[in-house]
Amino acid sequence: MSIHAGAHVDPGAVLGTGVEIAAGAVVHAGAEIGAGSSIGAGTVVHAGVHLGANCTVEDLVVLGKRPRLRPGSSAAGTLGELVLGDEVTVCAGAVVYAGATVGDRTILGDQCQIRERAVIGEQTVIGRASCVDFDACVGARVSIQTAVYVTSGAVVEDDVFIGPSAVMTNDSTMGRHPPGESLAAPVLRRACRVGGAVVITPGVEIGEEAFVAAGAVVTRDVPARTVVMGTPARATGEVGSDELLDRWR
Amino acid sequence: MSIHAGAHVDPGAVLGTGVEIAAGAVVHAGAEIGAGSSIGAGTVVHAGVHLGANCTVEDLVVLGKRPRLRPGSSAAGTLGELVLGDEVTVCAGAVVYAGATVGDRTILGDQCQIRERAVIGEQTVIGRASCVDFDACVGARVSIQTAVYVTSGAVVEDDVFIGPSAVMTNDSTMGRHPPGESLAAPVLRRACRVGGAVVITPGVEIGEEAFVAAGAVVTRDVPARTVVMGTPARATGEVGSDELLDRWR
Amino acid sequence: MSIHAGAHVDPGAVLGTGVEIAAGAVVHAGAEIGAGSSIGAGTVVHAGVHLGANCTVEDLVVLGKRPRLRPGSSAAGTLGELVLGDEVTVCAGAVVYAGATVGDRTILGDQCQIRERAVIGEQTVIGRASCVDFDACVGARVSIQTAVYVTSGAVVEDDVFIGPSAVMTNDSTMGRHPPGESLAAPVLRRACRVGGAVVITPGVEIGEEAFVAAGAVVTRDVPARTVVMGTPARATGEVGSDELLDRWR
């Protein structure tokens, strides 16, 4: 174990063997850090964080932040611990909320935000500055590029690819609906590919192995293996069998 | 008062009763922190910051940053204090400049940026990673979602809703205009709704209670209560009386 | 020299005359900080960082971060030092990787990310929250606004202007290509102007002094001095001689 003299580790934190904590890091009582994990400089680990073994948490990260909600926010709900699996990497400047769950060997990129009750599978990459909003569910081996917005309640299945600055929305009333009415987040089925800066409107489902070209605005469901493009997006072809995921992994 | 032994508080800072300052926070001489407010771990509070009562400033925030401008920048101007009202929440990783003003009970989301001379009203939410650029004016009870860009000089009136990743621009010459020529920022009138990833070009006015669908590129003024969509945005209908703000608050 | 008692400076760091280091900053062994430079509160300077003279590094910055790559990432490659020239400004919350090079008097905005082997010229401004991805090359006097994504391998020549939230992509297969196949990043020629929220697809070249209107999706090369707009972008005119760069600098 190696704790820098300039780190602030509460005696009520639980540290596994071989944990390294850098200068200026703050670890609160009630945090658990698994064996072999490292915590970067200036990083803050709040109570209720459960970090697995051999994780790398870089500098200036916040783990286990409590939500700050306006009154009546649709994000209200119960909060559990923040649970990160083994060999997870959390990059510099990321903010990860209490109540989220992150699978083994997943990478959370620099300056990203992962909200409460988000669930992220194994071996996924959440790109730099991207957001996985509350109650969203992201599968395994998903590749999310930089500055993507995964809206609350969205479902992103395994092996999906989402290009940079793609955006999903989930409320076609933009705030003018009865309190508690459930929102209609998009669903991205297994192994679909969504291009850079694509906009996916509420309730849309992108089918398995579908392909959405960069810059499209998707307002209707996209059938499996269908190629769409444009504003609004229209079908222009089919994904060839030589492009299916099984060919490339 | 509760100041962590690992905080760095200059004796020239003024702290109200019941202030809490976490480990690693840095409070410079000339900062004023109102009674009952808390400052998170690693947060930096510069001289000239005036924080009201019962505010929550989370971890790794910068308050009162001085602008760093290139020579000839259109952002040049005088700078006052950074004034935050009472019960303001500033979330993790936010950067708030000297000379900005923020109203009571407003929430500044994680990783947002608020520039010099921006004015933000009461009970507004600035979404995570959004930017309110210099000299912009945002009203009360405004809801700005994640990663929105409010360009410098823009006016966003009360009760406006702006969806994720919406962008405004203010310079149709992209830098090729006489020095000091004033830019033409958009104006968003009371209670209008702007969808996700909408682009609003220089000088455009969005009327009261208007509705701009997600993904639209707005190149001309939108009359009050008008629904527009597409690229470039065209009118497709009128906002029904059952959708007006008064029905929903 | 002025090193705050609350800073953590390794004896193996090399500091020039007049260097100032604020509270909570962490400077690792093997970092070199040029004469007259200042390091803000909570900022982390890793080994292998070579910072020139009279630089300003603000609060909560990470300099010299090592990449964290998934297995098989196209970002794999050798890493050198992070070299920043003289009078460089690195703003709050920025993350700058080992192996990048930044020219004199350039400004890296708040919360931006500069990846490994990116090369940025002199007197350039990288806007707040923008990303210059690995192996991208950005020239001198470039003006990149907020939240822009410069994809890996992209070339942005001198005097280019890029509006807020513009996005480039470099992989038309979205991950389904042979390992090691080189990607086709866009090329932005000297003094072209790219509007806000523009999307530039793989392999596209924007010609010298060309003008791409806000919100366009550019899928084909744009000839020099040509004005394009729309989705997909089409030519609508020519840039007038009174708008050429030489008239305005």
# chains A, B, ... in the order shown; residues from 1 in each chain; ligands from 1
$ residues_around --residues "Tyr149 (chain A)" --least-positions-apart "4" --cutoff "6 Å" --atoms "only C-alpha atoms" --output "number ranges by chain"
A: 130-131, 167
$ select_by_dssp --residues "region 172-236 of chain B" --states "strand (DSSP E or B)" --output "JSON list (two decimals) with C-alpha atoms, in the first residue's frame"
[["chain", "number", "residue", "atom", "x", "y", "z"],
["B", 187, "VAL", "CA", -32.81, 36.05, -28.94],
["B", 188, "LEU", "CA", -35.02, 33.35, -27.42],
["B", 193, "ARG", "CA", -38.84, 25.49, -26.58],
["B", 194, "VAL", "CA", -35.75, 24.57, -28.60],
["B", 199, "VAL", "CA", -28.67, 25.18, -34.59],
["B", 200, "ILE", "CA", -29.69, 28.86, -34.36],
["B", 205, "GLU", "CA", -35.28, 35.54, -32.89],
["B", 206, "ILE", "CA", -37.37, 32.64, -31.61],
["B", 211, "PHE", "CA", -41.43, 25.23, -30.66],
["B", 212, "VAL", "CA", -38.32, 24.25, -32.63],
["B", 217, "VAL", "CA", -31.29, 24.54, -38.43],
["B", 218, "VAL", "CA", -33.02, 27.87, -37.83],
["B", 222, "VAL", "CA", -39.68, 32.11, -35.78],
["B", 226, "THR", "CA", -45.10, 28.67, -34.26],
["B", 227, "VAL", "CA", -43.80, 25.12, -34.70],
["B", 228, "VAL", "CA", -40.79, 24.80, -37.02],
["B", 229, "MET", "CA", -38.64, 21.88, -38.11],
["B", 234, "ARG", "CA", -39.88, 25.83, -41.89],
["B", 235, "ALA", "CA", -43.18, 26.40, -40.12],
["B", 236, "THR", "CA", -45.36, 23.32, -39.88]]
$ interface_residues --of "chain A" --to "chain B" --cutoff "8 Å" --atoms "only C-alpha atoms" --output "VMD selection string"
chain A and resid 8 24 26 42 44 60 62 68 70 93 95 111 113 149 167 to 169 174 to 178 199 201 217 231 to 232
$ write_last_selection --atoms "N, CA and C atoms" --output "compact mmCIF listing (two decimals), in the first residue's frame"
# COMPACT_ATOMS: atom_id res chain seq x y z
N HIS A 8 -5.68 12.70 1.56
CA HIS A 8 -6.57 12.81 2.72
C HIS A 8 -7.47 11.58 2.75
N GLY A 24 -3.01 14.78 -2.71
CA GLY A 24 -4.21 15.61 -2.86
C GLY A 24 -5.50 14.84 -3.02
N VAL A 26 -8.76 12.65 -2.03
CA VAL A 26 -9.60 12.68 -0.84
C VAL A 26 -10.47 11.42 -0.86
N GLY A 42 -5.67 14.50 -6.56
CA GLY A 42 -6.82 15.39 -6.47
C GLY A 42 -8.17 14.72 -6.63
N VAL A 44 -11.54 12.65 -5.82
CA VAL A 44 -12.38 12.60 -4.63
C VAL A 44 -13.25 11.35 -4.69
N LEU A 60 -8.09 14.02 -10.62
CA LEU A 60 -9.18 15.01 -10.62
C LEU A 60 -10.53 14.42 -11.02
N VAL A 62 -14.25 12.67 -9.78
CA VAL A 62 -15.18 12.60 -8.65
C VAL A 62 -15.96 11.29 -8.76
N ARG A 68 -27.82 16.57 -7.57
CA ARG A 68 -28.39 17.85 -7.12
C ARG A 68 -29.53 18.14 -8.07
N ARG A 70 -33.33 19.81 -9.28
CA ARG A 70 -34.34 20.83 -9.03
C ARG A 70 -35.60 20.14 -8.49
N GLY A 93 -10.85 13.92 -14.84
CA GLY A 93 -11.95 14.88 -14.89
C GLY A 93 -13.34 14.27 -14.97
N VAL A 95 -16.87 12.56 -13.82
CA VAL A 95 -17.76 12.68 -12.66
C VAL A 95 -18.74 11.50 -12.72
N GLN A 111 -13.33 13.51 -18.59
CA GLN A 111 -14.35 14.55 -18.53
C GLN A 111 -15.75 14.05 -18.85
N GLN A 113 -19.45 12.15 -17.86
CA GLN A 113 -20.36 12.18 -16.72
C GLN A 113 -21.25 10.94 -16.78
N TYR A 149 -24.31 12.13 -26.15
CA TYR A 149 -25.30 12.24 -25.08
C TYR A 149 -26.28 11.06 -25.14
N VAL A 167 -26.56 12.58 -30.40
CA VAL A 167 -27.45 13.05 -29.33
C VAL A 167 -28.76 12.28 -29.37
N MET A 168 -29.26 11.91 -28.22
CA MET A 168 -30.60 11.32 -28.12
C MET A 168 -31.48 12.26 -27.29
N THR A 169 -32.77 12.29 -27.62
CA THR A 169 -33.72 13.04 -26.78
C THR A 169 -34.83 12.08 -26.35
N MET A 174 -40.84 18.56 -24.39
CA MET A 174 -39.86 19.47 -23.79
C MET A 174 -40.37 20.06 -22.47
N GLY A 175 -40.74 19.18 -21.59
CA GLY A 175 -41.05 19.60 -20.23
C GLY A 175 -42.51 19.82 -19.93
N ARG A 176 -43.36 19.73 -20.94
CA ARG A 176 -44.79 20.00 -20.70
C ARG A 176 -45.60 18.72 -20.74
N HIS A 177 -45.44 17.96 -19.67
CA HIS A 177 -46.14 16.68 -19.54
C HIS A 177 -46.48 16.51 -18.08
N PRO A 178 -47.44 15.64 -17.76
CA PRO A 178 -47.80 15.43 -16.35
C PRO A 178 -46.61 14.91 -15.55
N VAL A 199 -28.85 12.73 -34.63
CA VAL A 199 -29.85 13.08 -33.63
C VAL A 199 -30.93 12.00 -33.65
N THR A 201 -34.56 11.01 -32.08
CA THR A 201 -35.67 11.65 -31.36
C THR A 201 -36.39 10.64 -30.46
N VAL A 217 -30.91 12.94 -38.92
CA VAL A 217 -31.88 13.19 -37.85
C VAL A 217 -32.92 12.08 -37.96
N THR A 231 -32.04 14.16 -43.39
CA THR A 231 -32.90 14.88 -42.44
C THR A 231 -34.27 15.09 -43.06
N PRO A 232 -35.33 14.42 -42.62
CA PRO A 232 -35.28 13.31 -41.67
C PRO A 232 -34.68 12.08 -42.35
$ residues_around --residues "Ala75 (chain C)" --least-positions-apart "2" --cutoff "12 Å" --atoms "only C-alpha atoms" --output "ChimeraX atom specification"
/C:66-73,77-79,115-118,133-136,151-153,179-183
$ atom_distance --atom1 "CA of Tyr97 (chain B)" --atom2 "CA of Ile33 (chain C)"
26.2 Å
$ atom_distance --atom1 "CA of Gly85 (chain B)" --atom2 "CA of Glu208 (chain B)"
27.3 Å
$ atom_distance --atom1 "CA of Val88 (chain C)" --atom2 "CA of Val150 (chain C)"
20.0 Å
$ closest_residue --among "B:Gly48, B:Gly103, B:Pro202, B:Gly237" --to "Ala224 (chain B)" --atoms "only C-alpha atoms"
B:Gly237
$ residues_around --residues "Arg225 (chain C)" --least-positions-apart "5" --cutoff "7 Å" --atoms "only C-alpha atoms" --output "PDB file with all heavy atoms, in the first residue's frame"
ATOM      1  N   GLY C 207     -11.521  23.331 -49.138  1.00  0.00           N
ATOM      2  CA  GLY C 207     -10.481  24.086 -49.829  1.00  0.00           C
ATOM      3  C   GLY C 207     -10.107  25.394 -49.152  1.00  0.00           C
ATOM      4  O   GLY C 207     -10.819  25.891 -48.270  1.00  0.00           O
ATOM      5  N   GLU C 208      -9.017  25.983 -49.625  1.00  0.00           N
ATOM      6  CA  GLU C 208      -8.542  27.264 -49.085  1.00  0.00           C
ATOM      7  C   GLU C 208      -9.631  28.320 -49.190  1.00  0.00           C
ATOM      8  O   GLU C 208     -10.287  28.452 -50.221  1.00  0.00           O
ATOM      9  CB  GLU C 208      -7.331  27.759 -49.883  1.00  0.00           C
ATOM     10  CG  GLU C 208      -6.071  26.982 -49.600  1.00  0.00           C
ATOM     11  CD  GLU C 208      -4.806  27.779 -49.940  1.00  0.00           C
ATOM     12  OE1 GLU C 208      -4.939  28.973 -50.280  1.00  0.00           O
ATOM     13  OE2 GLU C 208      -3.715  27.194 -49.855  1.00  0.00           O
ATOM     14  N   GLU C 209      -9.795  29.066 -48.136  1.00  0.00           N
ATOM     15  CA  GLU C 209     -10.730  30.204 -48.104  1.00  0.00           C
ATOM     16  C   GLU C 209     -12.184  29.799 -48.399  1.00  0.00           C
ATOM     17  O   GLU C 209     -13.035  30.651 -48.661  1.00  0.00           O
ATOM     18  CB  GLU C 209     -10.293  31.311 -49.082  1.00  0.00           C
ATOM     19  CG  GLU C 209      -8.964  31.948 -48.723  1.00  0.00           C
ATOM     20  CD  GLU C 209      -9.084  33.129 -47.764  1.00  0.00           C
ATOM     21  OE1 GLU C 209     -10.172  33.338 -47.196  1.00  0.00           O
ATOM     22  OE2 GLU C 209      -8.076  33.827 -47.562  1.00  0.00           O
ATOM     23  N   ALA C 210     -12.487  28.524 -48.334  1.00  0.00           N
ATOM     24  CA  ALA C 210     -13.879  28.098 -48.511  1.00  0.00           C
ATOM     25  C   ALA C 210     -14.691  28.481 -47.277  1.00  0.00           C
ATOM     26  O   ALA C 210     -14.141  28.769 -46.200  1.00  0.00           O
ATOM     27  CB  ALA C 210     -13.943  26.589 -48.740  1.00  0.00           C
ATOM     28  N   PHE C 211     -16.028  28.459 -47.450  1.00  0.00           N
ATOM     29  CA  PHE C 211     -16.947  28.871 -46.380  1.00  0.00           C
ATOM     30  C   PHE C 211     -18.050  27.823 -46.279  1.00  0.00           C
ATOM     31  O   PHE C 211     -18.807  27.618 -47.235  1.00  0.00           O
ATOM     32  CB  PHE C 211     -17.532  30.242 -46.727  1.00  0.00           C
ATOM     33  CG  PHE C 211     -18.453  30.826 -45.689  1.00  0.00           C
ATOM     34  CD1 PHE C 211     -18.001  31.826 -44.833  1.00  0.00           C
ATOM     35  CD2 PHE C 211     -19.772  30.409 -45.577  1.00  0.00           C
ATOM     36  CE1 PHE C 211     -18.853  32.395 -43.879  1.00  0.00           C
ATOM     37  CE2 PHE C 211     -20.620  30.969 -44.621  1.00  0.00           C
ATOM     38  CZ  PHE C 211     -20.162  31.962 -43.775  1.00  0.00           C
ATOM     39  N   GLU C 238     -19.568  31.925 -54.241  1.00  0.00           N
ATOM     40  CA  GLU C 238     -18.123  32.058 -54.097  1.00  0.00           C
ATOM     41  C   GLU C 238     -17.825  33.109 -53.025  1.00  0.00           C
ATOM     42  O   GLU C 238     -18.568  34.082 -52.890  1.00  0.00           O
ATOM     43  CB  GLU C 238     -17.520  32.514 -55.431  1.00  0.00           C
ATOM     44  CG  GLU C 238     -15.997  32.452 -55.429  1.00  0.00           C
ATOM     45  CD  GLU C 238     -15.379  32.981 -56.720  1.00  0.00           C
ATOM     46  OE1 GLU C 238     -15.799  34.066 -57.169  1.00  0.00           O
ATOM     47  OE2 GLU C 238     -14.483  32.305 -57.254  1.00  0.00           O
ATOM     48  N   VAL C 239     -16.744  32.892 -52.305  1.00  0.00           N
ATOM     49  CA  VAL C 239     -16.326  33.869 -51.308  1.00  0.00           C
ATOM     50  C   VAL C 239     -15.791  35.099 -52.040  1.00  0.00           C
ATOM     51  O   VAL C 239     -14.890  34.984 -52.872  1.00  0.00           O
ATOM     52  CB  VAL C 239     -15.254  33.266 -50.385  1.00  0.00           C
ATOM     53  CG1 VAL C 239     -14.672  34.328 -49.465  1.00  0.00           C
ATOM     54  CG2 VAL C 239     -15.846  32.111 -49.586  1.00  0.00           C
TER      55      VAL C 239
END
$ residues_around --residues "Ser2 (chain A)" --least-positions-apart "4" --cutoff "8 Å" --atoms "only C-alpha atoms" --output "CSV table (one decimal) with N, CA, C and O atoms, in the first residue's frame"
chain,number,residue,atom,x,y,z
A,18,GLY,N,-2.1,-3.3,-1.6
A,18,GLY,CA,-1.5,-2.7,-2.8
A,18,GLY,C,-2.1,-1.5,-3.4
A,18,GLY,O,-1.8,-1.0,-4.5
A,19,VAL,N,-3.1,-0.9,-2.7
A,19,VAL,CA,-3.7,0.3,-3.2
A,19,VAL,C,-2.8,1.5,-3.2
A,19,VAL,O,-2.0,1.6,-2.2
A,20,GLU,N,-2.8,2.3,-4.2
A,20,GLU,CA,-2.0,3.5,-4.3
A,20,GLU,C,-2.9,4.7,-4.4
A,20,GLU,O,-3.8,4.8,-5.1
A,21,ILE,N,-2.5,5.7,-3.5
A,21,ILE,CA,-3.3,6.9,-3.5
A,21,ILE,C,-2.4,8.1,-3.6
A,21,ILE,O,-1.4,8.3,-2.8
$ closest_residue --among "A:Val155, A:Cys112, A:Ile120, A:Leu15" --to "Gly99 (chain A)" --atoms "only C-alpha atoms"
A:Ile120
$ decode --residues "region 43-145 of chain C" --atoms "C-alpha atoms" --output "mmCIF file, in the first residue's frame"
data_model
loop_
_atom_site.group_PDB
_atom_site.id
_atom_site.type_symbol
_atom_site.label_atom_id
_atom_site.label_comp_id
_atom_site.auth_asym_id
_atom_site.auth_seq_id
_atom_site.Cartn_x
_atom_site.Cartn_y
_atom_site.Cartn_z
ATOM 1 C CA THR C 43 -3.040 21.151 -11.289
ATOM 2 C CA VAL C 44 -1.114 17.937 -11.946
ATOM 3 C CA VAL C 45 2.090 17.951 -14.004
ATOM 4 C CA HIS C 46 3.343 14.487 -14.884
ATOM 5 C CA ALA C 47 6.808 13.267 -15.767
ATOM 6 C CA GLY C 48 7.902 14.066 -19.289
ATOM 7 C CA VAL C 49 6.206 17.459 -19.467
ATOM 8 C CA HIS C 50 8.375 20.218 -20.870
ATOM 9 C CA LEU C 51 6.736 23.583 -20.319
ATOM 10 C CA GLY C 52 8.325 26.689 -21.856
ATOM 11 C CA ALA C 53 8.902 30.115 -20.371
ATOM 12 C CA ASN C 54 6.207 32.476 -19.129
ATOM 13 C CA CYS C 55 3.390 29.973 -19.516
ATOM 14 C CA THR C 56 0.170 30.208 -17.517
ATOM 15 C CA VAL C 57 -1.344 26.922 -16.437
ATOM 16 C CA GLU C 58 -4.587 27.516 -14.587
ATOM 17 C CA ASP C 59 -6.305 25.497 -11.872
ATOM 18 C CA LEU C 60 -7.197 21.803 -12.006
ATOM 19 C CA VAL C 61 -5.347 21.014 -15.249
ATOM 20 C CA VAL C 62 -3.714 17.676 -16.085
ATOM 21 C CA LEU C 63 -0.521 17.899 -18.151
ATOM 22 C CA GLY C 64 1.233 14.823 -19.498
ATOM 23 C CA LYS C 65 -1.492 12.237 -19.023
ATOM 24 C CA ARG C 66 -0.667 8.805 -20.466
ATOM 25 C CA PRO C 67 -3.309 7.361 -22.814
ATOM 26 C CA ARG C 68 -5.584 4.605 -21.533
ATOM 27 C CA LEU C 69 -6.448 2.557 -24.587
ATOM 28 C CA ARG C 70 -8.677 -0.424 -25.141
ATOM 29 C CA PRO C 71 -6.849 -3.418 -26.650
ATOM 30 C CA GLY C 72 -6.433 -2.960 -30.402
ATOM 31 C CA SER C 73 -7.124 0.769 -30.321
ATOM 32 C CA SER C 74 -6.160 2.717 -33.415
ATOM 33 C CA ALA C 75 -4.501 5.203 -31.063
ATOM 34 C CA ALA C 76 -1.632 2.850 -30.232
ATOM 35 C CA GLY C 77 1.790 4.277 -31.005
ATOM 36 C CA THR C 78 4.907 5.723 -29.509
ATOM 37 C CA LEU C 79 4.776 8.527 -26.984
ATOM 38 C CA GLY C 80 7.250 11.287 -26.459
ATOM 39 C CA GLU C 81 7.199 14.191 -24.079
ATOM 40 C CA LEU C 82 4.494 16.784 -23.868
ATOM 41 C CA VAL C 83 6.159 19.921 -25.178
ATOM 42 C CA LEU C 84 4.505 23.313 -24.693
ATOM 43 C CA GLY C 85 6.209 26.413 -26.088
ATOM 44 C CA ASP C 86 6.634 29.816 -24.502
ATOM 45 C CA GLU C 87 3.760 31.969 -23.281
ATOM 46 C CA VAL C 88 1.273 29.147 -23.691
ATOM 47 C CA THR C 89 -1.943 29.372 -21.658
ATOM 48 C CA VAL C 90 -3.637 26.189 -20.477
ATOM 49 C CA CYS C 91 -7.037 26.943 -19.007
ATOM 50 C CA ALA C 92 -8.917 25.380 -16.129
ATOM 51 C CA GLY C 93 -9.864 21.730 -16.336
ATOM 52 C CA ALA C 94 -7.912 20.984 -19.524
ATOM 53 C CA VAL C 95 -6.374 17.538 -20.036
ATOM 54 C CA VAL C 96 -3.267 17.473 -22.229
ATOM 55 C CA TYR C 97 -1.590 14.184 -23.092
ATOM 56 C CA ALA C 98 1.999 13.043 -23.168
ATOM 57 C CA GLY C 99 3.355 13.226 -26.681
ATOM 58 C CA ALA C 100 1.513 16.375 -27.788
ATOM 59 C CA THR C 101 3.246 19.538 -29.004
ATOM 60 C CA VAL C 102 1.829 23.037 -28.562
ATOM 61 C CA GLY C 103 3.295 26.183 -30.135
ATOM 62 C CA ASP C 104 4.173 29.521 -28.571
ATOM 63 C CA ARG C 105 1.414 31.858 -27.383
ATOM 64 C CA THR C 106 -1.310 29.307 -28.038
ATOM 65 C CA ILE C 107 -4.322 29.149 -25.717
ATOM 66 C CA LEU C 108 -5.874 25.808 -24.738
ATOM 67 C CA GLY C 109 -9.363 26.609 -23.435
ATOM 68 C CA ASP C 110 -11.118 25.454 -20.306
ATOM 69 C CA GLN C 111 -12.006 21.750 -20.153
ATOM 70 C CA CYS C 112 -10.458 20.935 -23.531
ATOM 71 C CA GLN C 113 -8.660 17.695 -24.303
ATOM 72 C CA ILE C 114 -5.471 17.447 -26.380
ATOM 73 C CA ARG C 115 -4.475 13.877 -27.205
ATOM 74 C CA GLU C 116 -1.160 12.130 -27.761
ATOM 75 C CA ARG C 117 0.883 13.164 -30.813
ATOM 76 C CA ALA C 118 -1.426 16.067 -31.611
ATOM 77 C CA VAL C 119 0.584 18.981 -32.981
ATOM 78 C CA ILE C 120 -0.753 22.517 -32.540
ATOM 79 C CA GLY C 121 0.932 25.591 -34.011
ATOM 80 C CA GLU C 122 1.589 29.068 -32.659
ATOM 81 C CA GLN C 123 -0.976 31.665 -31.606
ATOM 82 C CA THR C 124 -3.842 29.247 -32.028
ATOM 83 C CA VAL C 125 -6.893 29.135 -29.773
ATOM 84 C CA ILE C 126 -8.473 25.773 -28.953
ATOM 85 C CA GLY C 127 -11.918 26.539 -27.625
ATOM 86 C CA ARG C 128 -13.390 25.484 -24.344
ATOM 87 C CA ALA C 129 -14.315 21.786 -24.172
ATOM 88 C CA SER C 130 -12.926 21.096 -27.643
ATOM 89 C CA CYS C 131 -10.925 17.987 -28.441
ATOM 90 C CA VAL C 132 -7.893 17.644 -30.694
ATOM 91 C CA ASP C 133 -7.637 13.901 -31.046
ATOM 92 C CA PHE C 134 -4.485 11.821 -31.414
ATOM 93 C CA ASP C 135 -2.253 12.420 -34.436
ATOM 94 C CA ALA C 136 -4.246 15.479 -35.526
ATOM 95 C CA CYS C 137 -2.333 18.473 -36.788
ATOM 96 C CA VAL C 138 -3.587 22.030 -36.235
ATOM 97 C CA GLY C 139 -1.721 24.997 -37.718
ATOM 98 C CA ALA C 140 -0.904 28.495 -36.553
ATOM 99 C CA ARG C 141 -3.404 31.265 -35.827
ATOM 100 C CA VAL C 142 -6.275 28.788 -36.005
ATOM 101 C CA SER C 143 -9.455 29.759 -34.164
ATOM 102 C CA ILE C 144 -11.403 26.781 -32.855
ATOM 103 C CA GLN C 145 -14.549 27.683 -30.951
#
